[in-house]
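Enquirer: To start, I am sharing the structure in question, which I have written as structure tokens.
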Amino acid sequence: MRRSTATTDYLKECMGTALLELMREKPLEKISIEEMTARADVGRSTYFRYFKSKDEVLSFKLRCLWKRYDEAHGLSAGGGGDGPAMMSQILHFCLETRDINDLLYSTGHQNCILDAYLQILSPAEAEDDDVLAYYSSNFAAYALFGIVNAWIVRGYKETPEEMERIMRQSLGGTEDAVKEKAQNRPLS
């Protein structure tokens with residue numbers, strides 16, 4: 001009998017939780033698959049069935065945490081997933097998961113955060129030929145990761161609201177600078 005998606009996701013998230021616990025004890029590279037799956041109380045085959053690397057496990061865990069955060073804040077229900085609102089909530093989420101982010105950074109696995117953002121921000125039902133949606137979601141994920149990366153490296157000195165203002169000014173400033181250059185360009 002096949003497991004339900006909810007059961008499978010639960011088992012996969014258990015591996016993520018176990019892996020984060022073990023990473024507090026020793027480097028990721030020294031954690032075996034057997035050790036992780038035993039701590040998670042799942043079979044080794046579950047890992048190999050769903051993941052290619054431990055980084056994928058960590059990204060999945062972040063996506064699970066985001067899903068719960070999203071549901072708790074009613075973002076997806078009622079169209080709350082628009083760009084600015086989503087970016088603001090991701091900044092708040094980032095602060096809420098600071099201990100995990102700091103662990104990933106201290107162990108050199110911050111790429112898991114970017115991978116999670118790429119999945120979170122990708123259109124749920126994008127058509128294969130919707131090139132604009134594909135590139136826009138990738139642009140948003142990388143831009144957001146760039147801002148979040150700088151914020152984390154600086155030690156979260158700014159509030160999420162200040163970071164949101166910085167993001168708006170950065171993006172608006174770029175657009176304004178391009179317009180100003182275009183307007184001041186001599187005609188040939």
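Residue numbering restarts at 1 for every chain of the structure tokens, chains are lettered A, B, ... in their displayed order, and ligands are numbered from 1 as they appear.
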Can you pull out the residues contacting segment 25-28 of chain A? Cut-off 12 Å, using only C-alpha atoms, and skip same-chain residues under 2 positions away; I want them as a list in words.
Expert: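 Once the nearby chain positions are removed, what remains is Ala18, Leu19, Leu20, Glu21, Leu22, Met23, Lys30, Ile31, Ser32, Ile33, Glu35, Met36, Ser53, Lys54, Asp55, Val57, Leu58, Leu103, Leu104, Ser106, Thr107, Gly108 and His109 of chain A.
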Enquirer: Restricting the calculation to only C-alpha atoms, which member of A:Ala40, A:Met87, A:Leu118, A:Cys64 is positioned closest to Phe139 of chain A?
Expert: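 Counting only C-alpha atoms, the residue closest to Phe139 of chain A is A:Leu118.
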Enquirer: May I have the residues within 12 Å of Lys67 of chain A as a PDB file with C-alpha atoms, in the first residue's frame, using only C-alpha atoms and disregarding those fewer than 5 positions away in the same chain?
Expert:
```pdb
ATOM      1  CA  ASP A   9       6.100  14.635   3.816  1.00  0.00           C
ATOM      2  CA  GLU A  13      10.494  16.392   7.471  1.00  0.00           C
ATOM      3  CA  PHE A  60      12.847  20.392   2.231  1.00  0.00           C
ATOM      4  CA  LYS A  61      12.779  21.108   5.982  1.00  0.00           C
ATOM      5  CA  LEU A  62      12.903  24.862   5.290  1.00  0.00           C
ATOM      6  CA  ALA A  72      -0.500  30.370  10.030  1.00  0.00           C
ATOM      7  CA  HIS A  73      -0.372  33.826   8.476  1.00  0.00           C
ATOM      8  CA  GLY A  74      -2.987  33.176   5.767  1.00  0.00           C
ATOM      9  CA  LEU A  75      -0.685  34.185   2.936  1.00  0.00           C
ATOM     10  CA  SER A  76      -1.717  31.682   0.282  1.00  0.00           C
ATOM     11  CA  ALA A  77      -5.422  31.856   1.092  1.00  0.00           C
ATOM     12  CA  GLN A  89       6.645  37.649   5.078  1.00  0.00           C
ATOM     13  CA  ILE A  90       9.787  35.835   3.979  1.00  0.00           C
ATOM     14  CA  PHE A  93      10.044  34.053   8.423  1.00  0.00           C
ATOM     15  CA  ALA A 116      14.191  26.646  -0.606  1.00  0.00           C
ATOM     16  CA  TYR A 117      13.467  30.168  -1.924  1.00  0.00           C
ATOM     17  CA  GLN A 119      10.952  26.307  -4.652  1.00  0.00           C
ATOM     18  CA  ILE A 120       8.828  28.654  -2.535  1.00  0.00           C
ATOM     19  CA  LEU A 121       8.763  31.403  -5.144  1.00  0.00           C
TER      20      LEU A 121
END
```
Enquirer: Each residue of segment 49-105 of chain A lying at most 12 Å from segment 144-167 of chain A should get a row with its shortest atom-to-atom pair and the distance in Å to one decimal, counting only C-alpha atoms; could you produce that, ordered by chain and increasing number, as CSV?
Expert:
```
residue,atom,partner,partner_atom,distance
A:Gly83,CA,A:Leu144,CA,10.9
A:Pro84,CA,A:Glu164,CA,8.5
A:Ala85,CA,A:Glu164,CA,9.8
A:Met86,CA,A:Leu144,CA,10.5
A:Met87,CA,A:Leu144,CA,7.4
A:Ser88,CA,A:Glu164,CA,6.1
A:Gln89,CA,A:Pro160,CA,8.6
A:Ile90,CA,A:Leu144,CA,8.7
A:Leu91,CA,A:Pro160,CA,5.5
A:His92,CA,A:Pro160,CA,5.8
A:Phe93,CA,A:Pro160,CA,9.2
A:Cys94,CA,A:Val148,CA,7.9
A:Leu95,CA,A:Pro160,CA,7.6
A:Glu96,CA,A:Pro160,CA,10.4
A:Thr97,CA,A:Ile152,CA,11.3
A:Arg98,CA,A:Ile152,CA,8.4
A:Asp99,CA,A:Ile152,CA,10.8
A:Ile100,CA,A:Ile152,CA,11.4
A:Asn101,CA,A:Ile152,CA,7.9
A:Asp102,CA,A:Ile152,CA,7.6
A:Leu103,CA,A:Ile152,CA,11.1
A:Leu104,CA,A:Ile152,CA,10.8
A:Tyr105,CA,A:Ile152,CA,8.5
```
Enquirer: Take the residues from that selection and write them out as a PDB file, in the first residue's frame, keeping N, CA and C atoms.
Expert:
```
ATOM      1  N   GLY A  83       3.896  39.682  -4.732  1.00  0.00           N
ATOM      2  CA  GLY A  83       5.315  39.943  -4.549  1.00  0.00           C
ATOM      3  C   GLY A  83       5.696  40.668  -3.277  1.00  0.00           C
ATOM      4  N   PRO A  84       5.274  41.933  -3.081  1.00  0.00           N
ATOM      5  CA  PRO A  84       5.697  42.678  -1.894  1.00  0.00           C
ATOM      6  C   PRO A  84       5.271  42.027  -0.581  1.00  0.00           C
ATOM      7  N   ALA A  85       4.045  41.521  -0.512  1.00  0.00           N
ATOM      8  CA  ALA A  85       3.584  40.877   0.720  1.00  0.00           C
ATOM      9  C   ALA A  85       4.387  39.607   0.989  1.00  0.00           C
ATOM     10  N   MET A  86       4.657  38.850  -0.059  1.00  0.00           N
ATOM     11  CA  MET A  86       5.424  37.616   0.078  1.00  0.00           C
ATOM     12  C   MET A  86       6.844  37.930   0.561  1.00  0.00           C
ATOM     13  N   MET A  87       7.483  38.931  -0.036  1.00  0.00           N
ATOM     14  CA  MET A  87       8.847  39.291   0.357  1.00  0.00           C
ATOM     15  C   MET A  87       8.887  39.714   1.822  1.00  0.00           C
ATOM     16  N   SER A  88       7.904  40.506   2.236  1.00  0.00           N
ATOM     17  CA  SER A  88       7.833  40.946   3.627  1.00  0.00           C
ATOM     18  C   SER A  88       7.715  39.750   4.563  1.00  0.00           C
ATOM     19  N   GLN A  89       6.837  38.812   4.222  1.00  0.00           N
ATOM     20  CA  GLN A  89       6.645  37.649   5.078  1.00  0.00           C
ATOM     21  C   GLN A  89       7.878  36.748   5.106  1.00  0.00           C
ATOM     22  N   ILE A  90       8.566  36.653   3.985  1.00  0.00           N
ATOM     23  CA  ILE A  90       9.787  35.835   3.979  1.00  0.00           C
ATOM     24  C   ILE A  90      10.837  36.459   4.895  1.00  0.00           C
ATOM     25  N   LEU A  91      10.907  37.782   4.941  1.00  0.00           N
ATOM     26  CA  LEU A  91      11.845  38.434   5.865  1.00  0.00           C
ATOM     27  C   LEU A  91      11.482  38.116   7.313  1.00  0.00           C
ATOM     28  N   HIS A  92      10.198  38.159   7.640  1.00  0.00           N
ATOM     29  CA  HIS A  92       9.758  37.806   9.000  1.00  0.00           C
ATOM     30  C   HIS A  92      10.028  36.328   9.282  1.00  0.00           C
ATOM     31  N   PHE A  93       9.772  35.488   8.303  1.00  0.00           N
ATOM     32  CA  PHE A  93      10.044  34.053   8.423  1.00  0.00           C
ATOM     33  C   PHE A  93      11.534  33.816   8.665  1.00  0.00           C
ATOM     34  N   CYS A  94      12.362  34.526   7.929  1.00  0.00           N
ATOM     35  CA  CYS A  94      13.813  34.389   8.072  1.00  0.00           C
ATOM     36  C   CYS A  94      14.243  34.700   9.506  1.00  0.00           C
ATOM     37  N   LEU A  95      13.670  35.743  10.068  1.00  0.00           N
ATOM     38  CA  LEU A  95      14.005  36.095  11.446  1.00  0.00           C
ATOM     39  C   LEU A  95      13.491  35.033  12.418  1.00  0.00           C
ATOM     40  N   GLU A  96      12.317  34.483  12.135  1.00  0.00           N
ATOM     41  CA  GLU A  96      11.742  33.447  12.983  1.00  0.00           C
ATOM     42  C   GLU A  96      12.583  32.164  12.954  1.00  0.00           C
ATOM     43  N   THR A  97      13.211  31.884  11.826  1.00  0.00           N
ATOM     44  CA  THR A  97      14.035  30.673  11.688  1.00  0.00           C
ATOM     45  C   THR A  97      15.531  31.005  11.792  1.00  0.00           C
ATOM     46  N   ARG A  98      15.830  32.063  12.501  1.00  0.00           N
ATOM     47  CA  ARG A  98      17.210  32.552  12.617  1.00  0.00           C
ATOM     48  C   ARG A  98      18.182  31.473  13.087  1.00  0.00           C
ATOM     49  N   ASP A  99      17.777  30.678  14.062  1.00  0.00           N
ATOM     50  CA  ASP A  99      18.693  29.652  14.578  1.00  0.00           C
ATOM     51  C   ASP A  99      19.080  28.646  13.497  1.00  0.00           C
ATOM     52  N   ILE A 100      18.131  28.279  12.654  1.00  0.00           N
ATOM     53  CA  ILE A 100      18.421  27.346  11.559  1.00  0.00           C
ATOM     54  C   ILE A 100      19.300  28.028  10.516  1.00  0.00           C
ATOM     55  N   ASN A 101      18.945  29.267  10.149  1.00  0.00           N
ATOM     56  CA  ASN A 101      19.753  30.007   9.173  1.00  0.00           C
ATOM     57  C   ASN A 101      21.189  30.149   9.660  1.00  0.00           C
ATOM     58  N   ASP A 102      21.341  30.511  10.926  1.00  0.00           N
ATOM     59  CA  ASP A 102      22.688  30.680  11.480  1.00  0.00           C
ATOM     60  C   ASP A 102      23.467  29.363  11.461  1.00  0.00           C
ATOM     61  N   LEU A 103      22.783  28.266  11.747  1.00  0.00           N
ATOM     62  CA  LEU A 103      23.430  26.954  11.694  1.00  0.00           C
ATOM     63  C   LEU A 103      23.876  26.636  10.267  1.00  0.00           C
ATOM     64  N   LEU A 104      23.003  26.885   9.307  1.00  0.00           N
ATOM     65  CA  LEU A 104      23.357  26.620   7.907  1.00  0.00           C
ATOM     66  C   LEU A 104      24.530  27.488   7.468  1.00  0.00           C
ATOM     67  N   TYR A 105      24.555  28.736   7.867  1.00  0.00           N
ATOM     68  CA  TYR A 105      25.668  29.622   7.518  1.00  0.00           C
ATOM     69  C   TYR A 105      26.957  29.195   8.210  1.00  0.00           C
TER      70      TYR A 105
END
```
Enquirer: Report the distance between atom CA of Lys12 of chain A and atom CA of Val42 of chain A in Å, rounded to one decimal place.
Expert: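 Those two atoms sit 8.7 Å apart.
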Enquirer: Write out as a ChimeraX atom specification all residues of chain A that backbone DSSP assigns to alpha helix (DSSP H).
Expert: /A:5-23,33-40,44-50,54-72,83-96,98-106,111-121,131-153,160-184
Enquirer: Which of these residues is nearest to Leu114 of chain A, using only C-alpha atoms: A:Trp66, A:Tyr10, A:Phe48, A:Tyr142?
Expert: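 That would be A:Tyr142, the residue with the smallest distance to Leu114 of chain A.
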